>>> print(open('entry_26.cif').read())   # mmCIF, C-alpha atoms and all ligand atoms
data_entry
#
loop_
_atom_site.label_atom_id
_atom_site.label_comp_id
_atom_site.auth_asym_id
_atom_site.auth_seq_id
_atom_site.Cartn_x
_atom_site.Cartn_y
_atom_site.Cartn_z
CA MET A 231 214.27 -87.13 -220.82
CA THR A 232 212.55 -83.88 -220.13
CA THR A 233 210.72 -82.29 -223.01
CA ASP A 234 209.78 -78.75 -223.90
CA THR A 235 206.55 -80.00 -225.39
CA MET A 236 204.62 -80.53 -222.19
CA HIS A 237 202.51 -77.48 -221.62
CA ILE A 238 202.18 -76.33 -218.05
CA GLU A 239 199.53 -73.65 -217.52
CA VAL A 240 200.77 -71.05 -215.01
CA THR A 241 198.37 -68.97 -212.92
CA LYS A 242 200.31 -66.49 -210.81
CA THR A 243 199.25 -65.23 -207.43
CA LYS A 244 198.29 -61.58 -207.11
CA HIS A 245 199.52 -61.49 -203.52
CA SER A 246 203.03 -62.84 -203.05
CA HIS A 247 203.74 -63.25 -199.35
CA LEU A 248 207.52 -63.50 -199.77
CA SER A 249 208.04 -60.12 -198.07
CA GLU A 250 206.30 -61.41 -194.92
CA ILE A 251 208.94 -64.11 -194.38
CA ASP A 252 211.77 -63.49 -191.92
CA GLN A 253 214.74 -64.91 -193.86
CA THR A 254 216.79 -65.17 -190.66
CA LYS A 255 214.25 -67.45 -188.97
CA LEU A 256 213.26 -69.90 -191.69
CA GLY A 257 213.27 -73.05 -189.58
CA PHE A 258 212.13 -76.23 -191.31
CA GLY A 259 208.80 -76.72 -193.08
CA THR A 260 207.10 -73.63 -191.65
CA TYR A 261 206.78 -71.43 -194.74
CA PHE A 262 205.42 -72.39 -198.14
CA SER A 263 206.26 -70.65 -201.40
CA ASP A 264 203.61 -68.79 -203.40
CA HIS A 265 202.81 -71.56 -205.90
CA ILE A 266 202.34 -75.30 -206.18
CA PHE A 267 202.43 -77.67 -209.14
CA VAL A 268 199.40 -79.93 -209.60
CA SER A 269 198.36 -82.72 -211.96
CA ASN A 270 195.33 -85.02 -211.68
CA TYR A 271 195.11 -88.66 -212.64
CA ALA A 272 191.94 -90.17 -214.09
CA LYS A 273 191.10 -92.78 -216.74
CA GLY A 274 194.67 -94.00 -216.87
CA GLN A 275 196.32 -90.62 -217.50
CA TRP A 276 198.00 -87.76 -215.67
CA LYS A 277 196.24 -84.64 -216.92
CA ASN A 278 196.10 -80.86 -216.64
CA PRO A 279 199.63 -80.14 -215.34
CA ARG A 280 199.50 -76.62 -213.94
CA ILE A 281 201.08 -74.17 -211.53
CA ILE A 282 198.61 -72.39 -209.28
CA PRO A 283 198.77 -70.18 -206.18
CA PHE A 284 199.26 -72.10 -202.93
CA ALA A 285 195.82 -72.41 -201.31
CA ASN A 286 193.64 -74.83 -199.41
CA PHE A 287 191.53 -77.17 -201.53
CA GLU A 288 188.42 -79.25 -201.00
CA VAL A 289 188.35 -83.01 -200.67
CA SER A 290 185.55 -85.53 -200.17
CA PRO A 291 185.20 -86.83 -196.59
CA CYS A 292 185.43 -90.24 -198.32
CA MET A 293 188.72 -89.48 -200.10
CA SER A 294 190.39 -92.87 -200.04
CA ALA A 295 193.91 -91.68 -199.09
CA LEU A 296 192.49 -90.51 -195.75
CA HIS A 297 190.95 -93.91 -195.00
CA TYR A 298 193.24 -96.44 -196.62
CA GLY A 299 196.60 -94.72 -196.90
CA GLN A 300 197.49 -94.69 -200.59
CA SER A 301 199.77 -91.73 -200.17
CA ILE A 302 203.44 -91.25 -201.06
CA PHE A 303 205.95 -88.40 -201.02
CA GLU A 304 209.52 -87.31 -201.63
CA GLY A 305 211.89 -84.89 -199.93
CA MET A 306 214.59 -83.05 -201.86
CA LYS A 307 216.34 -79.68 -201.99
CA ALA A 308 217.37 -76.87 -204.35
CA TYR A 309 220.26 -74.51 -203.61
CA ARG A 310 221.21 -71.02 -204.72
CA TYR A 311 224.85 -70.62 -205.73
CA ASP A 312 226.73 -67.38 -205.03
CA ASN A 313 226.25 -66.32 -208.68
CA GLY A 314 222.46 -66.65 -208.28
CA ASP A 315 222.05 -69.88 -210.29
CA ILE A 316 219.73 -72.50 -208.80
CA TYR A 317 220.52 -76.22 -208.71
CA MET A 318 218.65 -79.27 -207.43
CA PHE A 319 220.56 -82.14 -205.81
CA ARG A 320 220.12 -85.49 -207.63
CA PRO A 321 216.41 -84.99 -208.53
CA LEU A 322 216.31 -87.98 -210.89
CA GLU A 323 217.02 -90.23 -207.90
CA ASN A 324 213.95 -88.82 -206.15
CA PHE A 325 211.94 -89.30 -209.34
CA LYS A 326 212.92 -92.99 -209.52
CA ARG A 327 212.19 -93.58 -205.86
CA PHE A 328 208.83 -91.82 -206.12
CA ASN A 329 207.76 -94.30 -208.78
CA GLN A 330 209.08 -97.26 -206.75
CA SER A 331 206.92 -96.07 -203.87
CA ALA A 332 203.96 -95.64 -206.27
CA GLU A 333 204.31 -99.18 -207.59
CA ARG A 334 204.38 -100.69 -204.11
CA MET A 335 201.25 -98.76 -203.13
CA ALA A 336 199.42 -99.77 -206.36
CA MET A 337 199.39 -96.14 -207.45
CA PRO A 338 200.02 -94.91 -211.01
CA THR A 339 203.63 -93.93 -211.73
CA ILE A 340 204.41 -90.38 -212.85
CA PRO A 341 205.97 -89.80 -216.29
CA GLU A 342 209.45 -88.32 -216.07
CA ASP A 343 208.50 -85.16 -217.95
CA VAL A 344 205.58 -84.40 -215.61
CA PHE A 345 207.82 -84.82 -212.54
CA MET A 346 210.93 -83.06 -213.87
CA GLU A 347 209.23 -80.28 -215.84
CA GLY A 348 206.88 -79.73 -212.93
CA LEU A 349 209.86 -79.29 -210.61
CA VAL A 350 211.83 -77.01 -212.94
CA GLN A 351 208.88 -74.77 -213.88
CA LEU A 352 207.68 -74.49 -210.30
CA ILE A 353 211.11 -73.53 -208.98
CA ARG A 354 211.54 -71.01 -211.82
CA THR A 355 208.14 -69.51 -210.98
CA ASP A 356 209.09 -69.19 -207.32
CA LYS A 357 212.81 -68.56 -207.90
CA ASN A 358 212.85 -65.66 -205.42
CA TRP A 359 211.87 -68.15 -202.72
CA VAL A 360 215.16 -70.06 -202.97
CA PRO A 361 217.05 -68.60 -200.00
CA SER A 362 220.69 -67.56 -200.26
CA GLY A 363 221.82 -67.62 -196.62
CA LYS A 364 224.52 -70.04 -195.49
CA GLY A 365 223.09 -73.54 -195.16
CA CYS A 366 219.69 -72.39 -196.45
CA SER A 367 217.85 -74.14 -199.27
CA LEU A 368 214.46 -74.69 -200.86
CA TYR A 369 212.98 -77.92 -199.53
CA ILE A 370 210.84 -79.61 -202.18
CA ARG A 371 207.98 -81.92 -201.32
CA PRO A 372 206.39 -83.91 -204.17
CA VAL A 373 203.33 -85.82 -202.92
CA ALA A 374 200.68 -88.08 -204.53
CA PHE A 375 197.54 -89.45 -202.96
CA ALA A 376 194.33 -91.32 -203.79
CA THR A 377 191.34 -89.03 -204.30
CA GLU A 378 188.47 -91.34 -205.15
CA ALA A 379 185.41 -90.79 -202.95
CA HIS A 380 184.69 -94.41 -202.10
CA ILE A 381 184.39 -96.07 -198.70
CA GLY A 382 184.66 -99.68 -199.90
CA VAL A 383 188.26 -100.92 -199.78
CA LYS A 384 189.62 -100.80 -203.31
CA ILE A 385 192.47 -99.33 -205.31
CA SER A 386 191.53 -95.74 -206.08
CA ASP A 387 190.84 -94.84 -209.72
CA THR A 388 191.87 -91.20 -209.26
CA TYR A 389 194.92 -89.43 -207.77
CA ASP A 390 196.41 -85.99 -207.33
CA PHE A 391 200.11 -85.22 -207.69
CA MET A 392 201.41 -81.99 -206.18
CA ILE A 393 204.76 -80.33 -205.62
CA ILE A 394 205.03 -77.96 -202.67
CA THR A 395 208.18 -75.99 -201.84
CA SER A 396 209.36 -74.47 -198.60
CA PRO A 397 212.38 -72.25 -197.89
CA VAL A 398 214.38 -73.78 -195.03
CA GLY A 399 217.17 -72.50 -192.84
CA LEU A 400 220.47 -73.91 -191.66
CA TYR A 401 219.61 -77.18 -189.98
CA TYR A 402 222.00 -77.25 -187.08
CA SER A 403 221.80 -80.66 -185.47
CA GLN A 404 222.84 -80.89 -181.90
CA PRO A 405 224.23 -84.42 -181.28
CA VAL A 406 221.25 -86.65 -180.47
CA LYS A 407 220.62 -89.38 -177.92
CA VAL A 408 219.00 -92.43 -179.47
CA LEU A 409 217.20 -95.46 -178.06
CA VAL A 410 217.65 -98.84 -179.73
CA GLU A 411 214.03 -99.96 -180.09
CA THR A 412 213.43 -103.62 -179.24
CA HIS A 413 209.63 -103.76 -179.05
CA PHE A 414 208.09 -101.64 -181.82
CA THR A 415 208.91 -102.19 -185.50
CA ARG A 416 209.16 -99.73 -188.38
CA ALA A 417 209.22 -102.23 -191.24
CA VAL A 418 209.09 -105.97 -191.92
CA PRO A 419 210.23 -108.03 -194.93
CA GLY A 420 207.55 -107.92 -197.59
CA GLY A 421 206.18 -104.68 -196.17
CA VAL A 422 206.55 -101.06 -197.24
CA GLY A 423 209.69 -99.93 -195.39
CA PHE A 424 211.51 -99.07 -198.61
CA ALA A 425 208.66 -96.84 -199.80
CA LYS A 426 208.16 -93.21 -198.74
CA THR A 427 204.53 -93.80 -197.81
CA SER A 428 202.65 -91.95 -195.09
CA GLY A 429 201.87 -94.94 -192.84
CA ASN A 430 205.57 -95.51 -192.15
CA TYR A 431 205.69 -92.14 -190.41
CA GLY A 432 202.33 -92.35 -188.61
CA ARG A 433 203.36 -95.64 -187.02
CA SER A 434 206.65 -94.24 -185.75
CA HIS A 435 205.17 -91.41 -183.69
CA LEU A 436 204.15 -93.44 -180.63
CA PRO A 437 207.48 -95.29 -180.18
CA THR A 438 209.34 -91.99 -180.69
CA LYS A 439 207.11 -90.23 -178.16
CA LEU A 440 207.76 -92.99 -175.60
CA ALA A 441 211.51 -92.77 -176.23
CA LYS A 442 211.36 -88.99 -175.69
CA GLU A 443 209.58 -89.54 -172.38
CA LYS A 444 212.61 -91.60 -171.34
CA GLY A 445 214.97 -88.75 -172.25
CA TYR A 446 216.05 -89.81 -175.75
CA ASP A 447 215.63 -87.73 -178.91
CA GLN A 448 215.17 -90.43 -181.51
CA ILE A 449 214.85 -94.16 -182.14
CA ILE A 450 217.21 -96.64 -183.75
CA TRP A 451 215.00 -99.16 -185.52
CA THR A 452 215.96 -102.81 -185.45
CA ASP A 453 214.62 -105.70 -187.54
CA GLY A 454 211.05 -106.75 -186.80
CA TYR A 455 211.76 -110.39 -185.89
CA SER A 456 214.80 -110.61 -183.65
CA HIS A 457 215.38 -106.89 -182.88
CA LYS A 458 219.08 -107.77 -183.13
CA TYR A 459 219.99 -106.09 -186.41
CA LEU A 460 220.28 -102.33 -186.82
CA GLU A 461 218.13 -100.79 -189.54
CA GLU A 462 217.55 -97.01 -189.49
CA SER A 463 217.89 -93.97 -187.29
CA GLY A 464 214.45 -92.34 -187.03
CA THR A 465 213.73 -91.10 -190.55
CA MET A 466 217.37 -91.21 -191.55
CA ASN A 467 219.76 -93.95 -192.63
CA LEU A 468 222.18 -95.13 -189.96
CA MET A 469 225.97 -94.94 -190.24
CA CYS A 470 228.51 -96.24 -187.71
CA VAL A 471 232.28 -95.81 -187.66
CA ILE A 472 234.12 -98.74 -186.10
CA ASN A 473 237.92 -98.99 -186.37
CA ASP A 474 238.00 -96.23 -189.03
CA THR A 475 235.54 -98.17 -191.22
CA LEU A 476 232.18 -96.66 -192.15
CA ILE A 477 229.54 -99.35 -191.70
CA THR A 478 225.91 -99.00 -192.74
CA PRO A 479 223.14 -101.62 -192.82
CA GLU A 480 222.86 -103.17 -196.30
CA LEU A 481 219.76 -102.29 -198.30
CA HIS A 482 216.74 -104.51 -197.91
CA ASP A 483 213.02 -103.91 -198.37
CA THR A 484 212.83 -102.81 -194.72
CA ILE A 485 215.30 -99.98 -195.28
CA LEU A 486 214.69 -96.79 -197.21
CA ASN A 487 217.22 -96.35 -199.99
CA GLY A 488 218.37 -92.87 -199.00
CA ILE A 489 219.96 -90.57 -201.55
CA THR A 490 222.07 -89.00 -198.79
CA ARG A 491 223.16 -92.53 -197.76
CA LYS A 492 224.18 -93.32 -201.34
CA SER A 493 226.03 -89.99 -201.68
CA VAL A 494 227.81 -90.46 -198.33
CA ILE A 495 229.01 -93.91 -199.44
CA THR A 496 230.30 -92.57 -202.78
CA LEU A 497 232.09 -89.61 -201.15
CA ALA A 498 233.63 -91.77 -198.44
CA ARG A 499 234.87 -94.42 -200.86
CA GLU A 500 235.85 -92.39 -203.90
CA ASP A 501 236.73 -88.93 -202.61
CA LEU A 502 237.95 -89.44 -199.05
CA GLY A 503 239.45 -92.94 -199.31
CA ILE A 504 237.49 -94.25 -196.34
CA LYS A 505 236.71 -97.95 -196.13
CA VAL A 506 232.95 -98.57 -196.37
CA GLU A 507 231.00 -101.72 -195.57
CA GLU A 508 227.33 -102.22 -196.42
CA ARG A 509 226.36 -105.24 -194.40
CA LYS A 510 224.24 -106.55 -191.56
CA ILE A 511 225.26 -105.14 -188.21
CA THR A 512 223.94 -106.30 -184.85
CA VAL A 513 223.38 -104.28 -181.69
CA ASP A 514 225.74 -106.74 -179.96
CA GLU A 515 228.52 -105.80 -182.38
CA LEU A 516 227.91 -102.13 -181.59
CA VAL A 517 228.02 -102.73 -177.83
CA ASP A 518 231.12 -104.88 -178.19
CA ALA A 519 232.89 -102.23 -180.30
CA HIS A 520 231.89 -99.60 -177.75
CA ASP A 521 233.26 -101.65 -174.85
CA LYS A 522 236.55 -102.22 -176.67
CA GLY A 523 236.85 -98.49 -177.45
CA LYS A 524 236.52 -99.09 -181.19
CA LEU A 525 233.15 -97.40 -181.78
CA GLN A 526 234.18 -93.93 -182.96
CA GLU A 527 231.03 -92.39 -184.44
CA MET A 528 227.37 -92.92 -185.20
CA PHE A 529 225.23 -90.60 -187.30
CA GLY A 530 222.03 -90.41 -189.28
CA ALA A 531 222.07 -89.44 -192.98
CA GLY A 532 219.11 -87.77 -194.72
CA THR A 533 218.06 -84.77 -196.81
CA ALA A 534 216.76 -82.57 -193.98
CA ALA A 535 219.84 -82.51 -191.71
CA THR A 536 222.40 -84.14 -194.08
CA ILE A 537 224.38 -85.64 -191.17
CA ALA A 538 222.91 -85.85 -187.65
CA PRO A 539 225.59 -86.89 -185.14
CA ILE A 540 224.65 -89.31 -182.34
CA SER A 541 226.19 -88.76 -178.90
CA LEU A 542 224.76 -91.74 -177.03
CA PHE A 543 222.66 -94.86 -177.56
CA GLY A 544 220.49 -96.65 -175.04
CA TYR A 545 219.99 -100.40 -175.22
CA ASN A 546 218.33 -102.78 -172.73
CA GLY A 547 218.34 -100.22 -169.92
CA LYS A 548 221.95 -99.16 -170.36
CA ASP A 549 223.39 -96.04 -172.01
CA TYR A 550 226.51 -96.11 -174.16
CA THR A 551 228.27 -92.78 -174.74
CA LEU A 552 230.19 -92.03 -177.91
CA PRO A 553 233.41 -89.99 -178.09
CA SER A 554 232.87 -86.34 -179.03
CA THR A 555 233.48 -85.43 -182.67
CA ASN A 556 235.78 -82.85 -184.29
CA GLU A 557 236.68 -81.68 -187.84
CA LYS A 558 238.63 -84.90 -188.40
CA SER A 559 235.59 -87.06 -187.68
CA ILE A 560 234.36 -88.98 -190.69
CA GLY A 561 230.80 -87.63 -190.37
CA ASN A 562 232.03 -84.03 -190.33
CA ARG A 563 234.43 -84.55 -193.23
CA ILE A 564 231.66 -86.04 -195.34
CA LYS A 565 229.20 -83.31 -194.38
CA LYS A 566 231.69 -80.61 -195.36
CA GLU A 567 232.23 -82.25 -198.74
CA LEU A 568 228.50 -82.72 -199.39
CA ASP A 569 227.60 -79.18 -198.29
CA GLY A 570 230.40 -77.82 -200.48
CA ILE A 571 229.12 -79.65 -203.57
CA ARG A 572 225.52 -78.64 -202.93
CA SER A 573 226.36 -74.96 -202.49
CA GLY A 574 228.57 -74.93 -205.60
CA LYS A 575 231.80 -74.37 -203.66
CA ILE A 576 233.35 -77.79 -204.34
CA ALA A 577 233.59 -79.19 -207.89
CA ASP A 578 230.67 -81.48 -208.71
CA LYS A 579 232.67 -84.33 -210.20
CA HIS A 580 229.92 -86.90 -209.70
CA ASN A 581 227.43 -84.80 -211.71
CA TRP A 582 224.90 -84.60 -208.92
CA MET A 583 223.75 -81.03 -209.40
CA TYR A 584 220.87 -80.36 -211.84
CA LYS A 585 220.46 -76.80 -213.09
CA VAL A 586 216.99 -75.29 -212.83
C1 LIG B 601 213.57 -90.05 -196.49
C2 LIG B 601 214.11 -91.09 -195.58
C3 LIG B 601 215.49 -91.34 -195.46
C4 LIG B 601 216.54 -90.47 -196.11
O1 LIG B 601 216.47 -90.44 -197.49
P1 LIG B 601 217.19 -89.26 -198.27
O2 LIG B 601 216.93 -89.58 -199.70
O3 LIG B 601 218.61 -89.29 -197.92
O4 LIG B 601 216.54 -87.99 -197.81
C5 LIG B 601 215.90 -92.39 -194.66
N1 LIG B 601 215.01 -93.16 -193.99
C6 LIG B 601 213.69 -92.93 -194.06
C7 LIG B 601 212.77 -93.80 -193.31
C8 LIG B 601 213.20 -91.88 -194.85
O5 LIG B 601 211.90 -91.65 -194.91
#
>>> encode(input="entry_26.cif", output="structure tokens", more="lines below")
Ligand SMILES: *Cc1c(COP(=O)(O)O)cnc(C)c1O
Amino acid sequence: MTTDTMHIEVTKTKHSHLSEIDQTKLGFGTYFSDHIFVSNYAKGQWKNPRIIPFANFEVSPCMSALHYGQSIFEGMKAYRYDNGDIYMFRPLENFKRFNQSAERMAMPTIPEDVFMEGLVQLIRTDKNWVPSGKGCSLYIRPVAFATEAHIGVKISDTYDFMIITSPVGLYYSQPVKVLVETHFTRAVPGGVGFAKTSGNYGRSHLPTKLAKEKGYDQIIWTDGYSHKYLEESGTMNLMCVINDTLITPELHDTILNGITRKSVITLAREDLGIKVEERKITVDELVDAHDKGKLQEMFGAGTAATIAPISLFGYNGKDYTLPSTNEKSIGNRIKKELDGIRSGKIADKHNWMYKV
């Protein structure tokens, strides 16, 4: 549970730059709020939790995160309701996943009060940064990384934990064209695919760049051995609708356990009465369903875009086009529900919203 006992020292900026931001052109990840939350780990303890003005900071050229990749993060959002109240969406899920990532990367876990109080106090400090426009939100980026100045390969003894926030605009996602990747691999069993660790993203840039050169927007990752099983859609979880059933790859250590994925499944099953299957799905099954006219929709699910519709997938030199979507499409119905809950316009019966 969160406690009131943890003392967070707050140093406020003398020069807020909120007035310099064009609220109509927020984009994604371009602007950062005035303050960040910081805590440092040494001698087995997270210490000195504090809120300070956003600013550059110095690191050693030998900082081990730069060389050996002990670095993890989270991505989450806070929303402003019409009455001005601010709510985060399922932050305890991000807290749990952050510590699962930490454990896999041999990094110290963060106590719940440091994570949750850090979030709440930071958002309260920068409450004017939570935008109110339609579809706008405050994107929240907790991050932890190894700071020990040591070039020998070893587990770092010291770490920094920070929370950065960024006001973001309506993320309108044009339907995307995706390439089913059959050469490069995002994750393998026993690896780190389930963790939000920096190397997973660095390794995906080249395959994505090559796919873009061929005219696609994004990659569909397949399993690292046979390249026959679907795994994820870029940095989102993959959802397919075949014969009115929502099908998504079952969780495994190669798949990131998305909070949007989990919420989509709950809404589909419990609120919209849609049949959901979490199971292995092959590219062949997808092609077969397409050819028989039974593949209705494909979309990615993740915090940034919520639902990113897919208009076409390429596989082994051939392109397969999907039918166009409308308000009755499962992806759109789920998105409407999820957006309504997050903006406070639809009752939050699953208790997902957390008041700041
Ligand atoms: C963050 C992420 C997701 C989506 O997770 P959410 O909790 O829904 O934002 C899916 N796949 C990968 C690889 C990710 O990094």
>>> closest_atom_pairs(input="entry_26.cif", of="chain A", to="ligand LIG 601 (chain B)", cutoff="7 Å", atoms="all atoms listed in the file", output="Markdown table")
| residue | atom | partner | partner_atom | distance |
| --- | --- | --- | --- | --- |
| A:Gly305 | CA | B:LIG601 | O4 | 6.0 |
| A:Met306 | CA | B:LIG601 | O4 | 6.7 |
| A:Lys426 | CA | B:LIG601 | O5 | 5.6 |
| A:Glu462 | CA | B:LIG601 | N1 | 6.4 |
| A:Gly464 | CA | B:LIG601 | C7 | 6.7 |
| A:Thr465 | CA | B:LIG601 | C6 | 4.0 |
| A:Met466 | CA | B:LIG601 | C5 | 3.6 |
| A:Asn467 | CA | B:LIG601 | C5 | 4.6 |
| A:Ile485 | CA | B:LIG601 | N1 | 6.9 |
| A:Leu486 | CA | B:LIG601 | N1 | 4.9 |
| A:Asn487 | CA | B:LIG601 | O1 | 6.5 |
| A:Gly488 | CA | B:LIG601 | O1 | 3.4 |
| A:Ile489 | CA | B:LIG601 | O2 | 3.7 |
| A:Thr490 | CA | B:LIG601 | O3 | 3.6 |
| A:Arg491 | CA | B:LIG601 | O3 | 5.6 |
| A:Ala531 | CA | B:LIG601 | O3 | 6.0 |
| A:Gly532 | CA | B:LIG601 | O3 | 3.6 |
| A:Thr533 | CA | B:LIG601 | O4 | 3.7 |
| A:Ala534 | CA | B:LIG601 | O4 | 6.6 |
>>> closest_residue(input="entry_26.cif", among="A:His520, A:Arg563, A:Arg499, A:Arg572", to="Phe543 (chain A)", atoms="all atoms listed in the file")
A:His520
>>> axis_aligned_box(input="entry_26.cif", around="region 243-257 of chain A", padding_each_side="4 Å", output="AutoDock Vina command-line options")
--center_x 207.5 --center_y -66.6 --center_z -198.2 --size_x 26.5 --size_y 20.9 --size_z 26.5
>>> closest_residue(input="entry_26.cif", among="A:Glu461, A:Glu378, A:Glu347, A:Glu567", to="Val289 (chain A)", atoms="all atoms listed in the file")
A:Glu378
>>> closest_residue(input="entry_26.cif", among="A:Ala425, A:Ile266, A:Ala417, A:Met392", to="Phe328 (chain A)", atoms="all atoms listed in the file")
A:Ala425
>>> closest_residue(input="entry_26.cif", among="A:Lys444, A:His482, A:Lys492, A:Lys566", to="Gly547 (chain A)", atoms="all atoms listed in the file")
A:Lys444
>>> residues_near_point(input="entry_26.cif", point="(210.9, -96.2, -180.7)", cutoff="10 Å", atoms="only C-alpha atoms", output="count of residues only")
28
>>> closest_residue(input="entry_26.cif", among="A:Arg327, A:Arg509, A:Arg320, A:Lys273", to="Lys585 (chain A)", atoms="all atoms listed in the file")
A:Arg320
>>> atom_distance(input="entry_26.cif", atom1="CA of Glu250 (chain A)", atom2="CA of Val586 (chain A)")
25.1 Å
>>> closest_atom_pairs(input="entry_26.cif", of="region 414-469 of chain A", to="region 293-301 of chain A", cutoff="9 Å", atoms="all atoms listed in the file", output="JSON lines")
{"residue": "A:Lys426", "atom": "CA", "partner": "A:Ser301", "partner_atom": "CA", "distance": 8.6}
{"residue": "A:Thr427", "atom": "CA", "partner": "A:Ser301", "partner_atom": "CA", "distance": 5.7}
{"residue": "A:Ser428", "atom": "CA", "partner": "A:Ser301", "partner_atom": "CA", "distance": 5.8}
{"residue": "A:Gly429", "atom": "CA", "partner": "A:Gly299", "partner_atom": "CA", "distance": 6.7}
>>> residues_around(input="entry_26.cif", residues="Ala538 (chain A)", least_positions_apart="3", cutoff="6 Å", atoms="only C-alpha atoms", output="tab-separated table (two decimals) with C-alpha atoms, keeping the file's coordinate frame")
chain	number	residue	atom	x	y	z
A	403	SER	CA	221.80	-80.66	-185.47
A	529	PHE	CA	225.23	-90.60	-187.30
A	530	GLY	CA	222.03	-90.41	-189.28
>>> closest_residue(input="entry_26.cif", among="A:Lys579, A:Lys505, A:Arg334, A:His265", to="Lys357 (chain A)", atoms="only C-alpha atoms")
A:His265
>>> atom_distance(input="entry_26.cif", atom1="CA of Ile477 (chain A)", atom2="CA of Asn562 (chain A)")
15.6 Å
>>> atom_distance(input="entry_26.cif", atom1="CA of Tyr309 (chain A)", atom2="CA of Ser367 (chain A)")
5.0 Å
>>> residues_around(input="entry_26.cif", residues="Asp569 (chain A)", least_positions_apart="4", cutoff="8 Å", atoms="only C-alpha atoms", output="mmCIF file with C-alpha atoms, keeping the file's coordinate frame")
data_model
loop_
_atom_site.group_PDB
_atom_site.id
_atom_site.type_symbol
_atom_site.label_atom_id
_atom_site.label_comp_id
_atom_site.auth_asym_id
_atom_site.auth_seq_id
_atom_site.Cartn_x
_atom_site.Cartn_y
_atom_site.Cartn_z
ATOM 1 C CA GLY A 365 223.090 -73.540 -195.160
ATOM 2 C CA LYS A 565 229.200 -83.310 -194.380
ATOM 3 C CA SER A 573 226.360 -74.960 -202.490
#
